[in-house]
Structures are given as structure tokens and as C-alpha cells.
$ cat query-v9.txt   # compact mmCIF, C-alpha atoms
# COMPACT_ATOMS: atom_id res chain seq x y z
CA MET I 917 18.72 -18.45 -24.19
CA GLU I 918 17.60 -16.13 -21.36
CA ILE I 919 20.00 -13.93 -19.41
CA LYS I 920 18.50 -12.11 -16.41
CA GLY I 921 20.00 -9.16 -14.55
CA GLY I 922 20.77 -5.78 -16.09
CA THR I 923 24.56 -5.74 -15.80
CA TRP I 924 25.15 -9.38 -16.74
CA ARG I 925 22.67 -9.13 -19.61
CA MET I 926 24.44 -6.03 -20.93
CA LEU I 927 27.87 -7.71 -20.72
CA PHE I 928 26.56 -10.85 -22.40
CA LEU I 929 25.06 -8.79 -25.23
CA LEU I 930 28.31 -6.88 -25.74
CA LEU I 931 30.38 -10.09 -25.85
CA LEU I 932 27.92 -11.81 -28.17
CA GLY I 933 27.86 -8.75 -30.39
CA GLN I 934 31.64 -8.80 -30.63
CA LEU I 935 31.58 -12.48 -31.59
CA VAL I 936 29.27 -11.51 -34.45
CA SER I 937 31.58 -8.62 -35.32
CA PHE I 938 34.69 -10.82 -35.29
CA SER I 939 33.07 -13.46 -37.51
CA LEU I 940 32.10 -10.73 -39.97
CA ALA I 941 35.68 -9.43 -39.90
CA ILE I 942 36.90 -12.91 -40.87
CA CYS I 943 34.33 -12.97 -43.67
CA ASN I 944 35.68 -9.63 -44.92
CA PHE I 945 39.24 -10.95 -44.71
CA ILE I 946 38.39 -14.04 -46.76
CA THR I 947 36.48 -11.89 -49.26
CA SER I 948 39.55 -9.69 -49.72
CA LEU I 949 41.69 -12.81 -50.29
CA ILE I 950 39.25 -14.06 -52.93
CA SER I 951 39.33 -10.64 -54.59
CA ASN I 952 43.13 -10.64 -54.53
CA HIS I 953 43.07 -13.96 -56.42
CA GLY I 954 41.27 -12.17 -59.24
CA VAL I 955 37.96 -13.96 -58.65
CA ASP I 956 34.82 -11.88 -59.19
CA ALA I 957 32.10 -14.30 -58.09
CA PRO I 958 29.75 -12.79 -55.46
CA LEU I 959 26.93 -15.16 -56.38
CA THR I 960 29.11 -18.25 -56.05
CA GLN I 961 30.44 -17.05 -52.72
CA SER I 962 26.89 -16.43 -51.48
CA PHE I 963 25.65 -19.77 -52.86
CA PHE I 964 28.04 -21.81 -50.70
CA SER I 965 27.05 -19.78 -47.64
CA TYR I 966 23.32 -20.31 -48.10
CA MET I 967 23.86 -23.98 -48.91
CA LEU I 968 25.58 -24.57 -45.56
CA LEU I 969 22.75 -22.75 -43.76
CA ALA I 970 20.21 -24.99 -45.48
CA LEU I 971 22.17 -28.16 -44.67
CA VAL I 972 22.36 -27.27 -40.96
CA TYR I 973 18.93 -25.83 -40.26
CA GLY I 974 16.83 -27.38 -43.04
CA PRO I 975 16.75 -30.89 -41.46
CA ILE I 976 15.74 -29.38 -38.09
CA LEU I 977 12.82 -27.59 -39.71
CA LEU I 978 11.76 -30.70 -41.64
CA ARG I 979 11.90 -32.84 -38.51
CA ARG I 980 9.37 -30.57 -36.82
CA ARG I 981 6.77 -31.36 -39.49
CA GLN I 982 5.05 -28.04 -38.82
CA THR I 983 3.55 -25.42 -41.07
CA LEU I 984 5.42 -22.16 -41.57
CA LEU I 985 4.65 -19.30 -39.19
CA ILE I 986 5.34 -16.81 -41.99
CA PRO I 987 4.14 -17.34 -45.58
CA TRP I 988 6.90 -18.56 -47.87
CA TYR I 989 6.68 -15.57 -50.21
CA TRP I 990 7.74 -13.20 -47.40
CA TYR I 991 10.81 -15.33 -46.85
CA LEU I 992 11.50 -15.20 -50.58
CA LEU I 993 11.29 -11.40 -50.50
CA LEU I 994 13.64 -11.24 -47.51
CA VAL I 995 16.10 -13.57 -49.24
CA LEU I 996 16.05 -11.51 -52.44
CA ILE I 997 16.98 -8.43 -50.41
CA ASP I 998 19.59 -10.32 -48.37
CA VAL I 999 21.22 -11.84 -51.45
CA ALA I 1000 21.32 -8.44 -53.10
CA GLY I 1001 23.01 -6.95 -50.02
CA ASN I 1002 25.59 -9.75 -49.83
CA CYS I 1003 26.41 -9.67 -53.52
CA LEU I 1004 26.66 -5.87 -53.66
CA THR I 1005 28.99 -5.78 -50.65
CA ILE I 1006 31.21 -8.53 -52.06
CA LYS I 1007 31.22 -6.81 -55.45
CA ALA I 1008 32.28 -3.52 -53.84
CA TYR I 1009 35.63 -5.09 -52.87
CA GLN I 1010 36.52 -5.24 -56.56
CA TYR I 1011 36.40 -1.45 -56.89
CA SER I 1012 36.90 0.15 -53.49
CA TYR I 1013 39.01 -0.31 -50.36
CA ILE I 1014 38.09 -2.29 -47.27
CA THR I 1015 38.38 0.85 -45.16
CA SER I 1016 35.90 2.76 -47.32
CA ILE I 1017 33.47 -0.15 -47.41
CA THR I 1018 33.60 -0.51 -43.63
CA LEU I 1019 32.98 3.20 -43.13
CA LEU I 1020 30.04 3.21 -45.52
CA SER I 1021 28.50 0.29 -43.64
CA CYS I 1022 27.64 2.87 -40.98
CA CYS I 1023 24.85 4.02 -43.30
CA THR I 1024 22.93 0.92 -42.22
CA ILE I 1025 22.46 2.26 -38.68
CA PRO I 1026 20.33 5.37 -39.32
CA TRP I 1027 18.31 3.47 -41.90
CA VAL I 1028 17.64 0.66 -39.43
CA MET I 1029 16.63 3.17 -36.75
CA ILE I 1030 14.18 4.77 -39.19
CA LEU I 1031 12.78 1.45 -40.37
CA THR I 1032 12.33 0.03 -36.86
CA ARG I 1033 10.63 3.26 -35.84
CA PHE I 1034 8.00 3.05 -38.57
CA ALA I 1035 7.80 -0.73 -39.11
CA LEU I 1036 8.16 -2.03 -35.55
CA GLY I 1037 7.16 1.00 -33.50
CA ALA I 1038 10.56 1.46 -31.80
CA ARG I 1039 11.33 4.75 -30.09
CA TYR I 1040 14.88 5.81 -29.30
CA SER I 1041 15.96 7.99 -26.41
CA PHE I 1042 18.45 10.84 -26.52
CA TRP I 1043 21.16 8.66 -24.96
CA GLN I 1044 20.61 5.94 -27.54
CA PHE I 1045 21.30 8.49 -30.26
CA VAL I 1046 24.38 9.59 -28.30
CA GLY I 1047 25.59 5.97 -28.12
CA ALA I 1048 25.00 5.39 -31.83
CA GLY I 1049 26.75 8.63 -32.75
CA THR I 1050 29.71 7.86 -30.48
CA SER I 1051 30.19 4.43 -32.08
CA VAL I 1052 30.02 5.86 -35.59
CA ALA I 1053 32.52 8.57 -34.62
CA GLY I 1054 34.90 5.94 -33.21
CA LEU I 1055 34.94 3.96 -36.42
CA ALA I 1056 35.35 7.16 -38.45
CA VAL I 1057 38.55 7.82 -36.46
CA ALA I 1058 39.78 4.30 -37.26
CA ILE I 1059 39.14 4.78 -40.96
CA LEU I 1060 40.76 8.22 -40.94
CA SER I 1061 43.93 6.82 -39.40
CA ASP I 1062 44.19 4.36 -42.29
CA SER I 1063 43.87 7.07 -44.97
CA ASP I 1064 47.66 7.36 -45.30
CA SER I 1065 48.04 3.67 -46.19
CA PRO I 1066 50.31 3.23 -49.25
CA ASP I 1067 47.73 1.10 -51.07
CA VAL I 1068 45.14 3.88 -51.33
CA GLN I 1069 46.60 4.97 -54.68
CA ASP I 1070 45.80 1.65 -56.38
CA VAL I 1071 45.03 2.70 -59.95
CA SER I 1072 43.08 -0.51 -60.57
CA LYS I 1073 40.35 0.67 -58.20
CA ILE I 1074 37.29 2.80 -59.03
CA PRO I 1075 36.48 4.14 -55.55
CA LEU I 1076 33.35 6.12 -56.46
CA LEU I 1077 31.77 3.10 -58.12
CA GLY I 1078 32.74 0.83 -55.25
CA ASP I 1079 31.37 3.29 -52.69
CA ALA I 1080 28.07 3.54 -54.55
CA ILE I 1081 27.78 -0.26 -54.65
CA ALA I 1082 28.57 -0.47 -50.92
CA ILE I 1083 25.91 2.14 -50.07
CA ALA I 1084 23.35 0.18 -52.07
CA GLY I 1085 24.35 -2.93 -50.12
CA THR I 1086 23.82 -1.21 -46.77
CA PHE I 1087 20.34 -0.13 -47.87
CA CYS I 1088 19.48 -3.77 -48.59
CA PHE I 1089 20.97 -4.89 -45.26
CA ALA I 1090 18.84 -2.33 -43.40
CA PHE I 1091 15.65 -3.92 -44.75
CA SER I 1092 17.07 -7.41 -44.19
CA ASN I 1093 18.01 -6.68 -40.57
CA VAL I 1094 14.60 -5.26 -39.72
CA GLY I 1095 12.88 -8.25 -41.33
CA GLU I 1096 15.16 -10.58 -39.40
CA GLU I 1097 14.36 -8.73 -36.17
CA TYR I 1098 10.64 -9.30 -36.75
CA CYS I 1099 11.14 -12.99 -37.57
CA VAL I 1100 13.36 -13.88 -34.61
CA LYS I 1101 11.47 -11.78 -32.05
CA LYS I 1102 7.89 -12.57 -32.97
CA LYS I 1103 8.16 -15.85 -34.88
CA ASP I 1104 10.89 -18.53 -34.95
CA ARG I 1105 14.68 -18.33 -35.32
CA ILE I 1106 15.19 -21.86 -36.71
CA GLU I 1107 12.49 -21.38 -39.33
CA TYR I 1108 14.03 -18.08 -40.42
CA LEU I 1109 17.55 -19.51 -40.80
CA ALA I 1110 16.32 -22.61 -42.60
CA MET I 1111 14.20 -20.67 -45.08
CA LEU I 1112 17.00 -18.16 -45.57
CA GLY I 1113 19.30 -21.01 -46.59
CA ILE I 1114 16.77 -22.82 -48.78
CA PHE I 1115 15.58 -19.79 -50.71
CA GLY I 1116 19.13 -18.42 -50.78
CA ILE I 1117 20.22 -21.55 -52.68
CA LEU I 1118 17.37 -21.14 -55.17
CA VAL I 1119 17.92 -17.42 -55.77
CA THR I 1120 21.70 -17.59 -56.14
CA GLY I 1121 21.62 -20.96 -57.95
CA ILE I 1122 19.27 -19.69 -60.66
CA GLN I 1123 21.47 -16.66 -61.29
CA LEU I 1124 24.63 -18.76 -61.23
CA TYR I 1125 23.56 -21.08 -64.05
CA PRO I 1126 24.60 -18.91 -67.02
CA LEU I 1127 27.91 -17.84 -65.48
CA HIS I 1128 31.25 -19.26 -66.62
CA ASN I 1129 34.95 -18.91 -65.87
CA ILE I 1130 34.47 -17.72 -62.30
CA ILE I 1131 37.34 -19.88 -61.01
CA THR I 1132 40.94 -19.25 -62.03
CA GLU I 1133 43.80 -21.73 -62.32
CA ASN I 1134 44.13 -21.78 -58.49
CA GLY I 1135 40.79 -23.54 -58.29
CA MET I 1136 41.42 -25.61 -55.17
CA ILE I 1137 42.59 -22.60 -53.17
CA GLU I 1138 39.55 -20.59 -54.21
CA ILE I 1139 37.14 -23.42 -53.43
CA GLY I 1140 38.78 -23.68 -50.02
CA LEU I 1141 38.27 -19.94 -49.51
CA PHE I 1142 34.62 -20.28 -50.52
CA ALA I 1143 34.21 -23.12 -48.02
CA GLY I 1144 35.94 -21.14 -45.29
CA PHE I 1145 33.73 -18.14 -45.96
CA ALA I 1146 30.63 -20.35 -45.78
CA ALA I 1147 31.72 -21.81 -42.41
CA VAL I 1148 32.36 -18.40 -40.84
CA PHE I 1149 29.17 -17.06 -42.41
CA LEU I 1150 27.30 -19.88 -40.66
CA VAL I 1151 28.72 -18.71 -37.31
CA PHE I 1152 27.71 -15.15 -38.14
CA ARG I 1153 24.16 -16.10 -39.14
CA THR I 1154 23.72 -18.41 -36.15
CA THR I 1155 24.88 -15.84 -33.61
CA ALA I 1156 23.28 -12.74 -35.10
CA PRO I 1157 19.64 -13.71 -34.34
CA PHE I 1158 20.45 -13.97 -30.62
CA VAL I 1159 21.75 -10.39 -30.61
CA ILE I 1160 18.77 -9.17 -32.61
CA LYS I 1161 16.24 -11.05 -30.47
CA MET I 1162 17.73 -9.87 -27.17
CA SER I 1163 18.26 -6.25 -28.22
CA GLY I 1164 17.33 -5.24 -31.73
CA ALA I 1165 18.64 -4.54 -35.21
CA THR I 1166 20.16 -1.22 -34.17
CA LEU I 1167 22.44 -2.60 -31.43
CA PHE I 1168 23.28 -5.45 -33.81
CA ASN I 1169 24.54 -2.97 -36.41
CA LEU I 1170 26.35 -0.94 -33.77
CA SER I 1171 28.22 -4.09 -32.74
CA LEU I 1172 29.27 -4.59 -36.36
CA LEU I 1173 31.01 -1.21 -36.30
CA THR I 1174 33.93 -2.82 -34.49
CA THR I 1175 34.46 -5.15 -37.45
CA ASP I 1176 37.09 -2.77 -38.79
CA VAL I 1177 38.97 -2.90 -35.50
CA TRP I 1178 38.83 -6.71 -35.46
CA ALA I 1179 40.04 -6.65 -39.07
CA VAL I 1180 43.15 -4.84 -37.81
CA ALA I 1181 43.84 -7.77 -35.49
CA VAL I 1182 43.51 -10.13 -38.44
CA ARG I 1183 46.03 -8.07 -40.38
CA ILE I 1184 48.47 -8.23 -37.46
CA PHE I 1185 48.39 -12.04 -37.31
CA PHE I 1186 48.16 -12.77 -41.04
CA TYR I 1187 50.04 -9.87 -42.59
CA HIS I 1188 52.36 -8.97 -39.68
CA GLN I 1189 51.69 -5.27 -40.20
CA GLN I 1190 52.04 -2.52 -37.60
CA VAL I 1191 48.82 -0.83 -36.51
CA ASN I 1192 48.43 2.89 -35.99
CA TRP I 1193 47.93 3.74 -32.32
CA ILE I 1194 44.81 5.72 -33.24
CA TYR I 1195 43.05 2.41 -33.87
CA TYR I 1196 43.14 1.66 -30.15
CA ILE I 1197 41.50 5.00 -29.38
CA ALA I 1198 38.89 4.20 -32.01
CA PHE I 1199 38.16 0.81 -30.48
CA SER I 1200 37.70 2.40 -27.04
CA THR I 1201 35.37 5.03 -28.49
CA VAL I 1202 33.24 2.40 -30.23
CA ALA I 1203 33.10 0.35 -27.01
CA ILE I 1204 31.92 3.40 -25.04
CA GLY I 1205 29.21 4.02 -27.61
CA LEU I 1206 28.05 0.41 -27.36
CA VAL I 1207 27.84 0.63 -23.57
CA ILE I 1208 25.87 3.89 -23.71
CA TYR I 1209 23.41 2.41 -26.19
CA SER I 1210 23.04 -0.97 -24.50
CA MET I 1211 22.40 0.63 -21.10
CA ASN I 1212 19.40 2.41 -22.62
CA GLU I 1213 18.29 -0.16 -25.19
CA SER I 1214 15.43 -1.58 -23.10
CA SER I 1215 13.23 1.43 -23.83
CA SER I 1216 13.08 0.83 -27.57
CA ASP I 1217 12.75 -2.89 -27.01
CA ASP I 1218 9.76 -2.34 -24.71
CA ASP I 1219 8.14 -0.01 -27.22
CA ILE I 1220 8.35 -2.67 -29.91
CA ALA I 1221 6.74 -5.19 -27.60
CA ALA I 1222 4.02 -2.73 -26.62
CA SER I 1223 3.21 -1.79 -30.20
CA THR I 1224 1.60 -5.15 -30.88
CA THR I 1225 -0.35 -7.59 -28.76
CA GLU I 1226 1.74 -10.34 -27.24
CA GLN I 1227 1.78 -13.33 -29.54
CA THR I 1228 2.17 -16.91 -28.49
CA THR I 1229 3.89 -18.97 -31.14
CA GLN I 1230 1.36 -21.45 -32.44
CA TYR I 1231 2.43 -24.28 -34.69
CA GLU I 1232 0.09 -26.41 -36.71
CA GLN I 1233 1.24 -30.02 -36.64
CA LEU I 1234 1.30 -31.65 -40.04
CA SER I 1235 -0.29 -34.94 -40.72
CA SER I 1236 1.96 -37.93 -40.18
CA GLU I 1237 0.94 -39.28 -43.51
$ encode --input "query-v9.txt" --output "C-alpha cells"
Amino acid sequence: MEIKGGTWRMLFLLLLGQLVSFSLAICNFITSLISNHGVDAPLTQSFFSYMLLALVYGPILLRRRQTLLIPWYWYLLLVLIDVAGNCLTIKAYQYSYITSITLLSCCTIPWVMILTRFALGARYSFWQFVGAGTSVAGLAVAILSDSDSPDVQDVSKIPLLGDAIAIAGTFCFAFSNVGEEYCVKKKDRIEYLAMLGIFGILVTGIQLYPLHNIITENGMIEIGLFAGFAAVFLVFRTTAPFVIKMSGATLFNLSLLTTDVWAVAVRIFFYHQQVNWIYYIAFSTVAIGLVIYSMNESSSDDDIAASTTEQTTQYEQLSSE
């Protein structure tokens, strides 16, 4: 998928990034529904998601009959980190509020910028920092406008614990995003998604085995929610590598900042709730930040490419026997 031309490429990246953001917002919405049903099963929820990834991309990888471009144990390490991030984030919904979790997800951005600087040789310009800061500020305004919500006094919540879990999840996602950026830019997207699904099944399946009573009496509804989450997660995982390959992990995470704004739209259609007008200012601020960053993102992308010699993807064909 190659898009030439600065303006059209920028617009395409912004739209693709918002598709990723919207799919993540739906994932968050489904996760909140599962939590509201009293189900605390982050591993089960992740298991279905990885299983669908393996079912879609596994056969494509097997049909190639080619050796892996990256040793399997590196994929296993990436999956362990990714599973930890997913499970911690899902678990955080049991203790904290969606607004707090969304705000804390901003922690991923500076960590990704640091990791890509040292691991991939990326260098960021002043205007890229301005764009990142503007986007973070926009989402902070959106979260602040929701602070007067009547459900913030829920005594069943333990906000400090939930916030700590969410922060730990963003740390895992920072490593996962940088690893994904390396895989999709320098290796192969299909191989990455297939191995993510296959090892994700193994890692979550092994941990699931001793668990019991994760489904309540509304079993069919919860299984349907798990299936819906897996389907939207597939869209998210399929689209995300394109954003990361064409720009980088930092712009990818900046795009995810608008997830909270998209979540407001979900609440309008599903919960029929009024939205504070400040949310619209927040969305505009985040959009401005994304434009500022994306207009200057080529510099860091070129630095990553220049930091290593250009690699031509070489596959080793397996024997037909």
C-alpha cells in the first residue's frame, strides 16, 4: 500500500489513524460492557482476540512455506509483552474509570519516543514535540471536562490501583509498539500478525487453564461480547501496522489519543447521553496536534531508515517435501 504525494499521504495517514482509533474506542466500549456484567476475565478476552488473528493470518503464513524472517523466540518475547499490556489494561477497568485510563494511555507516547530514539535511531524535531504536546493537551482537556460526571464517586472503584495497573500497561505497550514498528518496517507484516496470534493463543491459553468461574449466568451475552471484541480487535491489529509502517509508533500512539473523543460518540449512540461542548474543542486540539506532527514526521522516519543499511526481504523457500 503506497501513497505518494505529501498532502495526500498526510491525509491518508490521518484517516487511517482515526480508523485505528475508532476501532480501539469500540474495543474499550465492549470491555466496559464486559466489566459491567461483573466478568473479570482479561486472559479469556485476550485469548479470543489472538485466536481470531491466528485463524486469519496463520493460513496465509503457512501457505508461503517460508522460513521466519525473525527467530521465533523474539516473537514469543513480543507476545509476552503484548499480552501483559492487554491484560493489564483490561484489568484496570475493574478498578478505575475509562476517562482516567484513557488519560494515562498518554504515558505511552514519551516512552515510545525514547525507545525509538535509542532502539531505532529516530530523531524528533521541535515541531514534532509541539505536535505531540498539543495532542496530549487536547485529550487532557477532554478528560478534565468529564471530571464532573456523577459516576466518579463510585465507591466500588479503587482508582489508585487501577491507575497503577493502567500505567504498567502503557509501559508494556510502548515496548510492543516499538517491536511492531521494527517488524512491519524492516521485516514482514503478515508474519508478525500470524506469529502474534499463534503465540498469543499459547501464552493466554496456558494461563487460562487453571481458571474457573469466569463466565456468569449471562453466558451467551458475555461470549457474544468476547466475540465482538475479537472481531474489532482484528480490525485494529490489521490496520495498525499500516500506520506504523508508513509513519512510526509515535504517530500511531498520537492517533490513539482521539480514542476518548470517539468513545464520546459511542456513548451518544448507545447511551443517548449529552456531551460537554468542551469535548469538541478537545477533538479539534488533538487534530491540530496530529497535523503538526504528521507534517514533520518524515524527518524521524528518514533517520530510522538511515540508521541501518537498507535491507531487502529475503525468504528461504522450504522444501516441498
$ residues_near_point --input "query-v9.txt" --point "(16.9, -24.2, -38.4)" --cutoff "8 Å" --atoms "only C-alpha atoms" --output "list in words"
Ala970, Val972, Tyr973, Gly974, Pro975, Ile976, Leu977, Arg1105, Ile1106, Glu1107, Tyr1108, Leu1109 and Ala1110 of chain I
$ closest_residue --input "query-v9.txt" --among "I:Gly933, I:Pro987, I:Gly1001, I:Gly954" --to "Ala1090 in chain I" --atoms "only C-alpha atoms"
I:Gly1001
$ closest_residue --input "query-v9.txt" --among "I:Trp1043, I:Tyr1009, I:Phe1142, I:Phe1115" --to "Leu1076 in chain I" --atoms "all atoms listed in the file"
I:Tyr1009
$ atom_distance --input "query-v9.txt" --atom1 "CA of Ala1156 in chain I" --atom2 "CA of Ser1021 in chain I"
16.4 Å
$ closest_residue --input "query-v9.txt" --among "I:Leu968, I:Leu1004, I:Val1094, I:Leu1141" --to "Met1029 in chain I" --atoms "only C-alpha atoms"
I:Val1094
$ residues_around --input "query-v9.txt" --residues "Phe1158 in chain I" --least-positions-apart "5" --cutoff "9 Å" --atoms "only C-alpha atoms" --output "short mmCIF file (atom, residue, chain, number, x, y, z; two decimals) with C-alpha atoms, keeping the file's coordinate frame"
data_model
loop_
_atom_site.label_atom_id
_atom_site.label_comp_id
_atom_site.auth_asym_id
_atom_site.auth_seq_id
_atom_site.Cartn_x
_atom_site.Cartn_y
_atom_site.Cartn_z
CA MET I 917 18.72 -18.45 -24.19
CA LEU I 929 25.06 -8.79 -25.23
CA LEU I 932 27.92 -11.81 -28.17
CA VAL I 1100 13.36 -13.88 -34.61
CA ARG I 1105 14.68 -18.33 -35.32
CA SER I 1163 18.26 -6.25 -28.22
#
$ closest_residue --input "query-v9.txt" --among "I:Arg1033, I:Ile986, I:Thr1120, I:Ala1080" --to "Cys1099 in chain I" --atoms "all atoms listed in the file"
I:Ile986
$ residues_around --input "query-v9.txt" --residues "Asn952 in chain I" --least-positions-apart "5" --cutoff "10 Å" --atoms "all atoms listed in the file" --output "MDAnalysis selection string"
chainID I and resid 946:947 1009:1010
$ closest_residue --input "query-v9.txt" --among "I:Leu1150, I:Ile1139, I:Val1046, I:Leu984" --to "Leu1206 in chain I" --atoms "all atoms listed in the file"
I:Val1046
$ closest_residue --input "query-v9.txt" --among "I:Leu927, I:Pro1026, I:Leu1031, I:Leu935" --to "Thr1154 in chain I" --atoms "only C-alpha atoms"
I:Leu935
$ atom_distance --input "query-v9.txt" --atom1 "CA of Glu1096 in chain I" --atom2 "CA of Ile1160 in chain I"
7.8 Å
$ atom_distance --input "query-v9.txt" --atom1 "CA of Ser948 in chain I" --atom2 "CA of Glu1138 in chain I"
11.8 Å
$ residues_around --input "query-v9.txt" --residues "Val1202 in chain I" --least-positions-apart "2" --cutoff "6 Å" --atoms "all atoms listed in the file" --output "list in words"
Ser1051, Gly1054, Phe1199, Ser1200, Ile1204 and Gly1205 of chain I
